[in-house]
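Asker: Below is the file data-v2.cif, with mmCIF, C-alpha atoms and all ligand atoms.
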```cif
data_run
#
loop_
_atom_site.label_atom_id
_atom_site.label_comp_id
_atom_site.auth_asym_id
_atom_site.auth_seq_id
_atom_site.Cartn_x
_atom_site.Cartn_y
_atom_site.Cartn_z
CA MET O 1 50.61 -104.50 59.31
CA ALA O 2 51.61 -103.95 55.71
CA VAL O 3 54.56 -101.66 55.13
CA SER O 4 53.68 -98.63 52.99
CA LEU O 5 55.64 -97.61 49.91
CA ARG O 6 56.72 -94.56 51.86
CA GLU O 7 58.16 -96.57 54.75
CA GLU O 8 59.79 -99.11 52.49
CA ALA O 9 61.50 -96.48 50.32
CA THR O 10 62.62 -94.55 53.41
CA ALA O 11 64.20 -97.63 54.99
CA LEU O 12 65.97 -98.62 51.77
CA LEU O 13 67.28 -95.11 51.17
CA GLN O 14 68.64 -94.97 54.73
CA GLU O 15 70.48 -98.24 54.18
CA LEU O 16 71.93 -97.02 50.88
CA LEU O 17 73.11 -93.75 52.45
CA ARG O 18 74.93 -95.65 55.20
CA LEU O 19 77.18 -97.24 52.56
CA ASP O 20 80.17 -95.12 51.61
CA THR O 21 80.23 -95.18 47.81
CA VAL O 22 82.24 -92.01 47.32
CA ASN O 23 83.81 -92.10 43.87
CA PRO O 24 86.77 -92.37 43.70
CA PRO O 25 87.20 -95.16 44.74
CA GLY O 26 83.47 -95.97 44.50
CA ASN O 27 83.22 -99.43 46.08
CA GLU O 28 79.72 -99.66 44.61
CA THR O 29 79.60 -103.44 45.05
CA GLN O 30 78.25 -102.88 48.58
CA ALA O 31 75.25 -101.05 47.12
CA ALA O 32 74.79 -103.64 44.35
CA GLU O 33 74.74 -106.43 46.97
CA LEU O 34 72.31 -104.58 49.20
CA LEU O 35 69.97 -104.09 46.24
CA ARG O 36 70.26 -107.71 45.18
CA SER O 37 69.39 -108.89 48.69
CA TYR O 38 66.34 -106.62 48.57
CA LEU O 39 65.17 -107.38 45.00
CA GLU O 40 65.79 -111.12 44.66
CA PRO O 41 63.31 -112.19 47.37
CA ALA O 42 60.70 -110.00 45.64
CA GLY O 43 61.07 -112.18 42.52
CA LEU O 44 63.42 -110.23 40.26
CA GLU O 45 66.29 -111.84 38.36
CA CYS O 46 69.45 -110.08 39.55
CA GLU O 47 72.94 -109.96 38.08
CA LEU O 48 76.07 -108.26 39.39
CA LEU O 49 78.18 -107.23 36.42
CA ALA O 50 81.61 -105.88 37.23
CA ARG O 51 84.81 -104.96 35.43
CA VAL O 52 86.62 -105.14 38.77
CA PRO O 53 85.10 -106.98 41.76
CA GLU O 54 84.68 -103.94 44.01
CA ARG O 55 82.82 -101.86 41.43
CA ALA O 56 79.78 -103.93 40.50
CA ASN O 57 76.72 -102.77 38.59
CA LEU O 58 73.42 -104.36 39.52
CA VAL O 59 70.93 -105.23 36.79
CA ALA O 60 67.54 -106.62 37.86
CA ARG O 61 64.88 -107.80 35.46
CA LEU O 62 61.22 -108.67 35.44
CA ARG O 63 60.74 -110.81 32.31
CA SER O 64 58.06 -109.86 29.82
CA ARG O 65 55.07 -111.98 28.95
CA GLY O 66 54.99 -110.66 25.38
CA ASP O 67 56.61 -108.30 22.93
CA GLY O 68 55.70 -104.87 24.29
CA PRO O 69 58.27 -102.09 24.71
CA SER O 70 61.02 -102.75 27.25
CA LEU O 71 61.70 -100.15 29.94
CA LEU O 72 64.90 -99.45 31.86
CA LEU O 73 64.88 -97.54 35.15
CA LEU O 74 68.45 -96.28 35.29
CA CYS O 75 70.33 -94.86 38.26
CA HIS O 76 73.82 -94.76 39.71
CA THR O 77 75.00 -95.76 43.18
CA ASP O 78 78.25 -93.78 43.44
CA THR O 79 78.40 -90.32 44.98
CA VAL O 80 80.79 -87.40 45.18
CA VAL O 81 82.83 -86.84 48.33
CA ALA O 82 81.49 -85.15 51.50
CA ASP O 83 83.32 -83.13 54.13
CA ARG O 84 81.84 -84.06 57.54
CA ARG O 85 82.84 -80.73 59.07
CA GLU O 86 80.50 -78.84 56.74
CA TRP O 87 77.47 -81.00 57.57
CA SER O 88 74.89 -80.67 60.36
CA VAL O 89 74.61 -84.49 60.48
CA ASP O 90 76.96 -87.35 59.65
CA PRO O 91 76.81 -87.55 55.81
CA TRP O 92 76.72 -91.38 56.02
CA SER O 93 74.05 -91.58 58.73
CA GLY O 94 70.85 -91.66 56.68
CA ALA O 95 69.36 -89.56 59.48
CA LEU O 96 65.63 -88.87 59.40
CA ARG O 97 65.05 -85.32 60.52
CA ASP O 98 62.56 -82.54 59.70
CA GLY O 99 60.72 -84.71 57.18
CA CYS O 100 63.89 -85.41 55.20
CA ILE O 101 66.39 -88.25 54.85
CA TRP O 102 69.89 -86.82 55.10
CA GLY O 103 73.11 -88.04 53.56
CA ARG O 104 75.56 -87.81 50.69
CA GLY O 105 73.75 -88.96 47.57
CA ALA O 106 70.18 -88.47 48.88
CA LEU O 107 69.37 -86.33 45.82
CA ASP O 108 72.16 -87.45 43.47
CA MET O 109 70.94 -90.10 43.32
CA LYS O 110 70.32 -92.73 45.98
CA GLY O 111 66.81 -91.39 46.56
CA HIS O 112 66.05 -92.20 42.95
CA VAL O 113 67.72 -95.64 43.38
CA ALA O 114 65.53 -96.44 46.40
CA ALA O 115 62.33 -95.19 44.74
CA ALA O 116 62.88 -97.19 41.55
CA ALA O 117 63.94 -100.32 43.48
CA VAL O 118 60.83 -100.22 45.67
CA ALA O 119 58.66 -99.70 42.57
CA VAL O 120 60.04 -102.75 40.72
CA ALA O 121 59.98 -104.89 43.88
CA THR O 122 56.34 -103.96 44.45
CA LEU O 123 55.42 -104.88 40.87
CA ALA O 124 57.26 -108.20 41.15
CA ARG O 125 55.54 -109.08 44.43
CA GLU O 126 52.16 -108.25 42.91
CA GLY O 127 52.90 -110.83 40.22
CA PHE O 128 52.83 -108.14 37.53
CA GLU O 129 53.70 -109.60 34.14
CA PRO O 130 54.98 -106.75 31.98
CA ALA O 131 54.29 -106.60 28.25
CA GLY O 132 57.99 -105.88 27.70
CA ASP O 133 60.97 -106.46 30.01
CA LEU O 134 61.15 -104.16 33.01
CA VAL O 135 64.80 -103.58 33.89
CA PHE O 136 66.30 -101.79 36.88
CA ALA O 137 69.99 -100.88 36.63
CA ALA O 138 71.95 -99.35 39.50
CA THR O 139 75.31 -98.58 37.96
CA ALA O 140 78.75 -97.61 39.21
CA ASP O 141 81.01 -94.75 38.30
CA GLU O 142 78.71 -92.07 36.93
CA GLU O 143 80.35 -89.22 38.82
CA VAL O 144 83.86 -89.82 37.45
CA GLY O 145 83.18 -91.82 34.30
CA ASP O 146 86.33 -93.97 34.25
CA GLY O 147 84.65 -96.82 32.39
CA PHE O 148 83.28 -99.05 35.19
CA GLY O 149 79.61 -98.13 34.86
CA LEU O 150 77.09 -97.74 32.08
CA SER O 151 79.60 -97.04 29.29
CA TRP O 152 81.27 -100.37 30.10
CA LEU O 153 77.92 -102.21 30.35
CA CYS O 154 76.89 -100.91 26.91
CA GLU O 155 80.07 -102.43 25.45
CA ALA O 156 80.60 -105.57 27.53
CA HIS O 157 76.99 -106.56 28.35
CA PRO O 158 74.74 -104.78 25.86
CA GLU O 159 71.98 -107.38 26.31
CA ALA O 160 71.70 -106.39 29.99
CA VAL O 161 70.91 -102.72 29.41
CA CYS O 162 69.51 -102.47 25.89
CA THR O 163 65.85 -101.46 26.10
CA ASP O 164 63.41 -99.42 24.02
CA LEU O 165 62.69 -96.86 26.74
CA CYS O 166 64.59 -95.48 29.71
CA VAL O 167 63.94 -93.13 32.62
CA ASN O 168 67.11 -91.67 34.13
CA GLU O 169 68.14 -88.67 36.23
CA GLY O 170 68.30 -85.10 34.97
CA GLY O 171 64.75 -83.79 35.28
CA GLY O 172 61.54 -83.73 37.27
CA ASP O 173 61.84 -80.27 38.82
CA ARG O 174 58.58 -78.48 39.43
CA VAL O 175 58.89 -74.84 38.48
CA VAL O 176 56.34 -72.04 38.22
CA LEU O 177 56.93 -70.16 35.01
CA GLY O 178 54.73 -67.58 33.41
CA GLY O 179 52.33 -68.26 36.31
CA LYS O 180 51.98 -71.95 35.36
CA ALA O 181 53.25 -75.02 37.17
CA LEU O 182 55.55 -77.02 34.92
CA TYR O 183 57.36 -80.29 35.52
CA LEU O 184 60.54 -80.42 33.50
CA CYS O 185 61.53 -83.54 31.65
CA SER O 186 64.98 -83.60 30.09
CA THR O 187 64.85 -85.09 26.61
CA ALA O 188 68.09 -83.74 25.15
CA GLU O 189 71.57 -82.71 26.25
CA LYS O 190 74.16 -80.28 24.99
CA MET O 191 77.46 -81.63 23.71
CA SER O 192 80.54 -81.05 25.82
CA SER O 193 82.94 -79.86 23.17
CA PRO O 194 85.98 -78.08 24.62
CA PHE O 195 88.57 -76.52 22.33
CA ARG O 196 92.06 -75.09 22.61
CA LEU O 197 93.26 -71.84 21.10
CA LYS O 198 96.96 -71.84 20.38
CA VAL O 199 98.10 -68.25 19.97
CA ARG O 200 101.47 -67.47 18.45
CA GLY O 201 103.74 -64.49 18.94
CA ARG O 202 107.51 -64.09 19.44
CA SER O 203 109.28 -64.61 22.75
CA GLY O 204 111.68 -62.12 24.25
CA HIS O 205 113.11 -60.72 27.47
CA GLY O 206 110.52 -59.39 29.91
CA SER O 207 112.42 -56.12 30.20
CA MET O 208 112.22 -55.41 26.45
CA PRO O 209 108.55 -55.76 25.43
CA GLY O 210 109.09 -53.64 22.32
CA ILE O 211 111.13 -56.26 20.50
CA ALA O 212 108.91 -59.23 21.36
CA ASP O 213 105.36 -60.11 20.33
CA ASN O 214 103.61 -61.18 23.55
CA ALA O 215 101.32 -64.17 22.83
CA LEU O 216 99.57 -63.66 26.18
CA ILE O 217 98.47 -60.15 25.24
CA LYS O 218 97.24 -61.44 21.88
CA ALA O 219 95.34 -64.23 23.66
CA GLY O 220 93.77 -61.66 25.98
CA LYS O 221 92.33 -59.82 23.00
CA LEU O 222 90.90 -63.06 21.59
CA ILE O 223 89.39 -64.01 24.95
CA ALA O 224 87.65 -60.64 25.16
CA ARG O 225 85.97 -61.37 21.82
CA LEU O 226 84.38 -64.48 23.28
CA GLU O 227 82.26 -62.51 25.72
CA GLY O 228 78.52 -62.09 25.24
CA GLU O 229 76.14 -63.61 22.72
CA LEU O 230 78.13 -65.52 20.09
CA ASP O 231 75.52 -66.55 17.59
CA ALA O 232 71.98 -65.65 16.56
CA PRO O 233 69.55 -67.45 18.91
CA LYS O 234 68.03 -70.68 17.59
CA LEU O 235 64.76 -72.27 18.63
CA LEU O 236 64.96 -76.06 18.73
CA PRO O 237 61.72 -78.06 18.94
CA GLU O 238 62.37 -78.70 22.67
CA THR O 239 62.72 -74.96 23.32
CA GLU O 240 59.57 -74.19 21.36
CA ALA O 241 57.63 -76.75 23.39
CA LEU O 242 58.92 -75.31 26.68
CA LEU O 243 58.04 -71.76 25.62
CA ALA O 244 54.61 -72.86 24.44
CA ALA O 245 53.94 -74.53 27.81
CA ALA O 246 55.18 -71.54 29.83
CA LEU O 247 53.90 -68.64 27.72
CA GLY O 248 51.10 -70.19 25.70
CA ARG O 249 52.91 -69.09 22.51
CA VAL O 250 56.29 -69.24 20.78
CA PRO O 251 57.86 -65.81 20.20
CA PRO O 252 60.27 -65.28 17.27
CA ALA O 253 63.80 -66.50 18.06
CA GLY O 254 65.29 -63.01 17.91
CA GLU O 255 62.89 -61.67 20.54
CA VAL O 256 63.05 -64.50 23.06
CA ARG O 257 65.92 -63.23 25.24
CA GLU O 258 64.54 -59.72 25.69
CA LEU O 259 60.99 -60.89 26.21
CA LEU O 260 61.93 -63.46 28.86
CA GLU O 261 64.17 -61.05 30.74
CA SER O 262 61.27 -58.64 31.11
CA LEU O 263 58.68 -61.32 31.90
CA ASP O 264 60.37 -63.84 34.11
CA PRO O 265 64.07 -63.89 35.07
CA ASP O 266 63.85 -67.56 36.15
CA LEU O 267 62.49 -68.61 32.80
CA SER O 268 65.10 -66.47 31.09
CA ALA O 269 67.97 -68.12 33.00
CA MET O 270 66.61 -71.54 32.17
CA VAL O 271 65.98 -70.96 28.47
CA ASP O 272 69.18 -69.04 27.75
CA PRO O 273 71.51 -72.07 27.40
CA MET O 274 68.92 -73.67 25.10
CA LEU O 275 69.23 -70.84 22.55
CA GLY O 276 72.75 -71.45 21.36
CA PHE O 277 76.20 -72.80 22.02
CA SER O 278 78.23 -71.38 24.91
CA VAL O 279 81.93 -70.75 25.38
CA SER O 280 83.70 -70.24 28.72
CA PRO O 281 87.47 -69.74 28.64
CA THR O 282 88.71 -71.61 31.72
CA MET O 283 92.42 -72.45 31.45
CA ILE O 284 95.45 -70.57 30.20
CA GLU O 285 99.11 -71.44 29.81
CA ALA O 286 101.85 -69.08 28.72
CA SER O 287 105.38 -68.39 29.93
CA SER O 288 106.71 -70.35 32.89
CA ARG O 289 109.13 -67.57 33.85
CA ARG O 290 108.33 -64.09 34.98
CA ASN O 291 111.05 -62.49 32.85
CA VAL O 292 110.34 -64.37 29.60
CA ILE O 293 107.69 -62.97 27.29
CA PRO O 294 105.74 -65.94 25.94
CA GLY O 295 106.00 -66.78 22.25
CA THR O 296 102.96 -69.05 22.51
CA CYS O 297 99.90 -69.07 24.70
CA GLU O 298 97.27 -71.80 25.01
CA VAL O 299 93.73 -71.10 26.12
CA VAL O 300 91.29 -73.94 26.82
CA CYS O 301 87.60 -73.14 26.54
CA ASP O 302 84.69 -75.13 27.91
CA CYS O 303 82.21 -75.16 25.05
CA ARG O 304 78.70 -76.64 24.91
CA LEU O 305 77.00 -77.17 21.56
CA LEU O 306 73.28 -77.55 21.02
CA PRO O 307 72.09 -81.09 20.27
CA GLY O 308 72.44 -81.61 16.53
CA GLN O 309 74.94 -78.78 16.14
CA THR O 310 78.34 -79.71 14.67
CA GLN O 311 81.80 -78.50 15.64
CA ALA O 312 82.27 -77.25 12.07
CA GLU O 313 79.21 -75.01 12.39
CA ALA O 314 80.37 -73.60 15.71
CA GLU O 315 83.90 -73.15 14.39
CA ALA O 316 82.68 -71.01 11.50
CA VAL O 317 80.90 -68.73 13.99
CA LEU O 318 83.94 -68.63 16.28
CA ARG O 319 86.40 -67.81 13.50
CA LYS O 320 84.21 -64.98 12.31
CA ARG O 321 84.11 -63.65 15.83
CA LEU O 322 87.83 -64.08 16.56
CA GLY O 323 89.06 -62.63 13.27
CA ASP O 324 92.17 -63.95 11.57
CA ASP O 325 94.88 -63.22 14.08
CA ASN O 326 97.65 -65.75 14.43
CA TYR O 327 95.94 -68.64 16.25
CA GLU O 328 94.96 -72.26 15.78
CA LEU O 329 91.68 -73.69 17.00
CA GLU O 330 91.72 -77.34 17.99
CA TRP O 331 88.70 -79.32 19.19
CA LEU O 332 89.62 -81.53 22.15
CA GLU O 333 86.61 -83.86 22.23
CA GLY O 334 82.87 -84.06 21.70
CA ILE O 335 80.79 -85.95 24.26
CA GLY O 336 77.02 -86.18 24.44
CA GLY O 337 74.78 -83.86 22.49
CA THR O 338 72.11 -86.53 22.03
CA ARG O 339 68.36 -86.16 22.12
CA SER O 340 65.21 -88.28 22.21
CA ALA O 341 62.01 -87.29 20.44
CA VAL O 342 59.24 -85.77 22.55
CA ASP O 343 56.31 -87.35 20.76
CA THR O 344 56.36 -90.96 21.93
CA THR O 345 54.96 -93.57 24.24
CA LEU O 346 57.04 -92.44 27.19
CA TRP O 347 56.06 -88.78 27.06
CA PRO O 348 52.28 -89.30 27.41
CA ALA O 349 52.86 -91.76 30.28
CA ILE O 350 54.83 -89.15 32.26
CA GLU O 351 52.38 -86.43 31.24
CA ALA O 352 49.48 -88.51 32.56
CA PHE O 353 51.24 -88.97 35.90
CA VAL O 354 51.78 -85.21 36.22
CA ALA O 355 48.15 -84.53 35.35
CA ARG O 356 46.94 -86.96 38.04
CA GLU O 357 49.27 -85.59 40.70
CA GLU O 358 48.64 -81.94 40.02
CA PRO O 359 45.71 -81.13 37.76
CA GLY O 360 46.55 -78.07 35.67
CA ALA O 361 50.31 -78.63 35.78
CA ARG O 362 52.07 -79.33 32.48
CA LEU O 363 55.03 -81.43 31.44
CA ALA O 364 57.64 -79.50 29.44
CA PRO O 365 60.91 -80.63 27.82
CA VAL O 366 64.30 -79.16 28.64
CA ILE O 367 67.74 -79.48 27.13
CA LEU O 368 70.37 -80.11 29.79
CA SER O 369 73.55 -78.03 29.64
CA GLY O 370 75.52 -80.93 31.07
CA PHE O 371 75.13 -84.58 30.20
CA THR O 372 74.02 -87.75 31.92
CA ASP O 373 74.52 -91.46 31.23
CA SER O 374 71.48 -91.29 28.91
CA HIS O 375 73.77 -90.40 26.02
CA TYR O 376 75.44 -93.84 26.17
CA LEU O 377 72.06 -95.53 25.68
CA ARG O 378 70.96 -93.21 22.90
CA GLU O 379 74.28 -93.69 21.10
CA ALA O 380 74.57 -97.46 21.58
CA PHE O 381 70.97 -98.58 21.08
CA GLY O 382 68.89 -95.59 20.02
CA THR O 383 67.02 -95.91 23.33
CA LEU O 384 64.40 -93.30 23.99
CA ALA O 385 65.71 -91.87 27.26
CA TYR O 386 64.29 -89.10 29.43
CA GLY O 387 65.44 -87.61 32.72
CA PHE O 388 62.58 -87.43 35.22
CA PHE O 389 62.22 -87.74 38.99
CA PRO O 390 59.35 -85.59 40.25
CA MET O 391 60.17 -83.19 43.08
CA ARG O 392 57.35 -81.13 44.50
CA THR O 393 58.16 -80.53 48.16
CA MET O 394 61.72 -79.32 47.77
CA GLU O 395 62.20 -76.21 45.63
CA PRO O 396 64.54 -76.78 42.65
CA ALA O 397 66.70 -73.86 43.76
CA VAL O 398 67.22 -75.52 47.16
CA ALA O 399 67.88 -78.93 45.61
CA SER O 400 70.46 -77.61 43.17
CA ARG O 401 72.33 -75.91 46.04
CA LEU O 402 72.44 -79.19 48.02
CA ILE O 403 73.59 -81.51 45.23
CA HIS O 404 77.34 -82.17 45.56
CA SER O 405 77.24 -79.88 48.63
CA ALA O 406 76.70 -80.08 52.41
CA ASP O 407 73.45 -81.21 54.07
CA GLU O 408 72.15 -83.01 50.98
CA ARG O 409 68.72 -84.45 51.85
CA MET O 410 65.59 -85.83 50.26
CA PRO O 411 62.11 -84.94 51.58
CA VAL O 412 60.23 -88.13 52.45
CA ASP O 413 57.23 -86.69 50.57
CA ASP O 414 59.29 -86.42 47.37
CA LEU O 415 60.73 -89.89 47.86
CA GLU O 416 57.20 -91.25 48.07
CA LEU O 417 56.14 -89.22 45.03
CA GLY O 418 59.09 -90.61 43.05
CA THR O 419 58.32 -94.18 44.11
CA ARG O 420 54.72 -93.78 42.99
CA PHE O 421 55.91 -92.23 39.74
CA PHE O 422 58.06 -95.25 38.85
CA LEU O 423 55.41 -97.69 39.95
CA GLU O 424 52.54 -96.12 38.03
CA THR O 425 54.59 -95.27 34.93
CA ALA O 426 56.01 -98.79 34.61
CA ARG O 427 52.58 -100.26 35.15
CA THR O 428 50.94 -98.02 32.51
CA LEU O 429 53.68 -98.47 29.92
CA LEU O 430 54.04 -102.22 30.28
CA LEU O 431 50.41 -103.17 30.87
ZN ZN I 501 73.88 -88.19 39.32
#
```
Would you mind giving the structure from this file in structure tokens?

Answerer:
Amino acid sequence: MAVSLREEATALLQELLRLDTVNPPGNETQAAELLRSYLEPAGLECELLARVPERANLVARLRSRGDGPSLLLLCHTDTVVADRREWSVDPWSGALRDGCIWGRGALDMKGHVAAAAVAVATLAREGFEPAGDLVFAATADEEVGDGFGLSWLCEAHPEAVCTDLCVNEGGGDRVVLGGKALYLCSTAEKMSSPFRLKVRGRSGHGSMPGIADNALIKAGKLIARLEGELDAPKLLPETEALLAAALGRVPPAGEVRELLESLDPDLSAMVDPMLGFSVSPTMIEASSRRNVIPGTCEVVCDCRLLPGQTQAEAEAVLRKRLGDDNYELEWLEGIGGTRSAVDTTLWPAIEAFVAREEPGARLAPVILSGFTDSHYLREAFGTLAYGFFPMRTMEPAVASRLIHSADERMPVDDLELGTRFFLETARTLLL
């Protein structure tokens, strides 16, 4: 009897979950070898590319027959750690229970790995000859980002991962907003752009506050000014498209927050980070002794800029807000903040899948507050990269609680849906 997609993806996911690829240390080579032993017999060309032997990336390819667009299905095989004592099952068991496959990485993102691998293996076995290369990459080191995974591949082996189109993690949630079912596709990401405020005062003895100028107190006043809305809300094209899909119209930027709060708190929470840059003060350093009043105080703020927004723009807003007390503002880095256009070949292919699966449901873009490996591809090759893995059985609120937490599990129904998504999308795009 022929094995169904559902059974095949379930078995592969269980095998992947039984491998401990907790990063650090990762040891992703085990997963790369498992995938090679699964994909090579199906007819895919497989390569293990590794900066160090125990941390291999697997790249599998189905060669094109012509010069159509090339498509990369991107995923990572490492996971975060798991504490057995918090779990109802062994986190490395791949247990099948209550219609779900349980284990660390089931959602983030070995389920996605298994679904995409089964899709490309199925196409290869069918003898499918894609119009452009179909590439499957299961990479190492996404969770820590120490330079063993996709960032390293983009530099050391660009030919292996450079494609026109890419589907990665970061989207696919089904949400009901404004009474309509929407599947979210992430097309853009905010930039992680932390900064440090160095506040100056004058040190002194803790018993004589009058003759010192306490930098910690000054910093406290600055921190208080960072609370609440920092800048006038902006509507990016992605936000307009999401609002249009959810509400049937695009309200003026200045009215969006209030309107959404009254209409739909879920929509409001989701759209809020898309309206502007955010600042969260997270670390502070002042005196190291209880009886010494600090002459300097350093505050580090997590800051996320909108795609396309520059640090100079944000700094102007921040300086206006903070006033001109005695402080220096220093940007620490700027990672991500990339976007791919919505109007392309890839968008209609995903939209068509959604329409077939759930007539009446719409596909809507979102801007992620965090960032994924997609930014490496956009930066290195200008790849059009979206985050999409459809989830219909498990509620997004449940999934987001389980990711990086105890009892992570993937419903078999969603695994099958994801497998069909990769299979049908690759087939449509590369026909
Ligand atoms: Zn992930």

Asker: Just want the residues within 7 Å of ligand ZN 501 (chain I), written as a ChimeraX atom specification, counting all atoms listed in the file.

Answerer: /O:76,108-109,142-143,169

Asker: For each of O:Asp414, O:Leu16, O:Ala131, O:Glu358, take the minimum atom-to-atom distance to Gly103 of chain O, counting only C-alpha atoms, then give the residue where this is smallest.

Answerer: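 Among the listed residues, the smallest separation from Gly103 of chain O belongs to O:Leu16.
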
Asker: Go through O:Met208, O:Leu236, O:Met270, O:Leu226 one by one, measure the shortest atom-to-atom distance of each to Ala397 of chain O using only C-alpha atoms, and give the residue with the smallest value.

Answerer: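 Under the stated criterion, the closest residue is O:Met270.
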
Asker: Under the rule that only C-alpha atoms are counted, which of O:Leu260, O:Pro252, O:Leu230, O:Val135 is the nearest residue to Gly178 of chain O?

Answerer: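 With only C-alpha atoms as the atom set, the closest residue is O:Leu260.
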
Asker: For Pro251 of chain O, work out the shell of residues within 10 Å, counting all atoms listed in the file and skipping chain neighbours fewer than 5 positions away, then give it as a PDB file with C-alpha atoms, keeping the file's coordinate frame.

Answerer:
```pdb
ATOM      1  CA  LEU O 235      64.760 -72.270  18.630  1.00  0.00           C
ATOM      2  CA  GLU O 240      59.570 -74.190  21.360  1.00  0.00           C
ATOM      3  CA  LEU O 243      58.040 -71.760  25.620  1.00  0.00           C
ATOM      4  CA  ALA O 244      54.610 -72.860  24.440  1.00  0.00           C
ATOM      5  CA  VAL O 256      63.050 -64.500  23.060  1.00  0.00           C
ATOM      6  CA  ARG O 257      65.920 -63.230  25.240  1.00  0.00           C
ATOM      7  CA  LEU O 259      60.990 -60.890  26.210  1.00  0.00           C
ATOM      8  CA  LEU O 260      61.930 -63.460  28.860  1.00  0.00           C
TER       9      LEU O 260
END
```

Asker: If I take atom CA of Trp347 of chain O and atom CA of Met274 of chain O, how far is one from the other in Å, to one decimal?

Answerer: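 Distance reported for this atom pair: 19.9 Å.
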
Asker: Rank nothing, just name the residue among O:Cys100, O:Ala364, O:Leu107, O:Leu123 nearest to Leu39 of chain O, using all atoms listed in the file.

Answerer: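 That would be O:Leu123, the residue with the smallest distance to Leu39 of chain O.
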
Asker: Have a look at O:Arg290, O:Arg339, O:Arg104, O:Arg63 and name the one nearest to Met191 of chain O; count only C-alpha atoms.

Answerer: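 Nearest candidate to Met191 of chain O out of O:Arg290, O:Arg339, O:Arg104, O:Arg63: O:Arg339.
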
Asker: Counting only C-alpha atoms, note down every residue that has an atom within 8 Å of the point (97.1, -64.4, 21.3) (file coordinates), as a PyMOL selection string.

Answerer: chain O and resi 198-201+214-222+296-297+325-327

Asker: Tell me which protein, DNA and RNA residues are within 10 Å of segment 298-304 of chain O, counting all atoms listed in the file, leaving out same-chain ones fewer than 4 positions away, and put them as a PyMOL selection string.

Answerer: chain O and resi 189-200+215-216+219-220+222-223+226+273+276-286+309+311+314+327-332+334-337+369-370

Asker: Could you state the separation of atom CA of Ala380 of chain O and atom CA of Asp164 of chain O in Å, given to one decimal place?

Answerer: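 Separation of atom CA of Ala380 of chain O and atom CA of Asp164 of chain O: 11.6 Å.
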
Asker: Which polymer residues, whether protein, DNA or RNA, lie within 12 Å of the coordinate (76.2, -101.7, 28.3) when you count only C-alpha atoms? List them as a PyMOL selection string, using the chain letters and numbers from the file.

Answerer: chain O and resi 49-51+57-59+74+137+139-140+147-163+373-381+383

Asker: Just write the chosen residues, C-alpha atoms, as a compact mmCIF listing (two decimals), in the frame of the given file.

Answerer:
```txt
# COMPACT_ATOMS: atom_id res chain seq x y z
CA LEU O 49 78.18 -107.23 36.42
CA ALA O 50 81.61 -105.88 37.23
CA ARG O 51 84.81 -104.96 35.43
CA ASN O 57 76.72 -102.77 38.59
CA LEU O 58 73.42 -104.36 39.52
CA VAL O 59 70.93 -105.23 36.79
CA LEU O 74 68.45 -96.28 35.29
CA ALA O 137 69.99 -100.88 36.63
CA THR O 139 75.31 -98.58 37.96
CA ALA O 140 78.75 -97.61 39.21
CA GLY O 147 84.65 -96.82 32.39
CA PHE O 148 83.28 -99.05 35.19
CA GLY O 149 79.61 -98.13 34.86
CA LEU O 150 77.09 -97.74 32.08
CA SER O 151 79.60 -97.04 29.29
CA TRP O 152 81.27 -100.37 30.10
CA LEU O 153 77.92 -102.21 30.35
CA CYS O 154 76.89 -100.91 26.91
CA GLU O 155 80.07 -102.43 25.45
CA ALA O 156 80.60 -105.57 27.53
CA HIS O 157 76.99 -106.56 28.35
CA PRO O 158 74.74 -104.78 25.86
CA GLU O 159 71.98 -107.38 26.31
CA ALA O 160 71.70 -106.39 29.99
CA VAL O 161 70.91 -102.72 29.41
CA CYS O 162 69.51 -102.47 25.89
CA THR O 163 65.85 -101.46 26.10
CA ASP O 373 74.52 -91.46 31.23
CA SER O 374 71.48 -91.29 28.91
CA HIS O 375 73.77 -90.40 26.02
CA TYR O 376 75.44 -93.84 26.17
CA LEU O 377 72.06 -95.53 25.68
CA ARG O 378 70.96 -93.21 22.90
CA GLU O 379 74.28 -93.69 21.10
CA ALA O 380 74.57 -97.46 21.58
CA PHE O 381 70.97 -98.58 21.08
CA THR O 383 67.02 -95.91 23.33
```

Asker: Considering all atoms listed in the file, can you say which of O:Gly204, O:Gly360, O:Pro411, O:Gly382 comes closest to Val176 of chain O?

Answerer: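 Closest to Val176 of chain O, using all atoms listed in the file: O:Gly360.
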
Asker: Quick one: residues within 6 Å of Leu275 of chain O, all atoms listed in the file counted, chain neighbours fewer than 2 positions away excluded, as a PDB file with C-alpha atoms, in the frame of the given file?

Answerer:
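Result file result36.pdb:
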```pdb
ATOM      1  CA  PRO O 233      69.550 -67.450  18.910  1.00  0.00           C
ATOM      2  CA  LYS O 234      68.030 -70.680  17.590  1.00  0.00           C
ATOM      3  CA  ASP O 272      69.180 -69.040  27.750  1.00  0.00           C
ATOM      4  CA  PRO O 273      71.510 -72.070  27.400  1.00  0.00           C
TER       5      PRO O 273
END
```

Asker: Have a look at atom CA of Leu263 of chain O and atom CA of Ala241 of chain O and let me know their distance in Å, one decimal.

Answerer: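 Pair atom CA of Leu263 of chain O / atom CA of Ala241 of chain O returns 17.7 Å.
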
Asker: Can you list, as JSON, numbers by chain, every protein, DNA or RNA residue that comes within 9 Å of Glu54 of chain O when you count all atoms listed in the file, leaving out same-chain residues fewer than 6 positions away?

Answerer: {"O": [26, 27, 28, 29, 30]}

Asker: Hey, what's within 8 Å of Arg174 of chain O if we count only C-alpha atoms and toss same-chain stuff fewer than 6 positions away? As a ChimeraX atom specification, please?

Answerer: /O:181-184,390-392,395-396
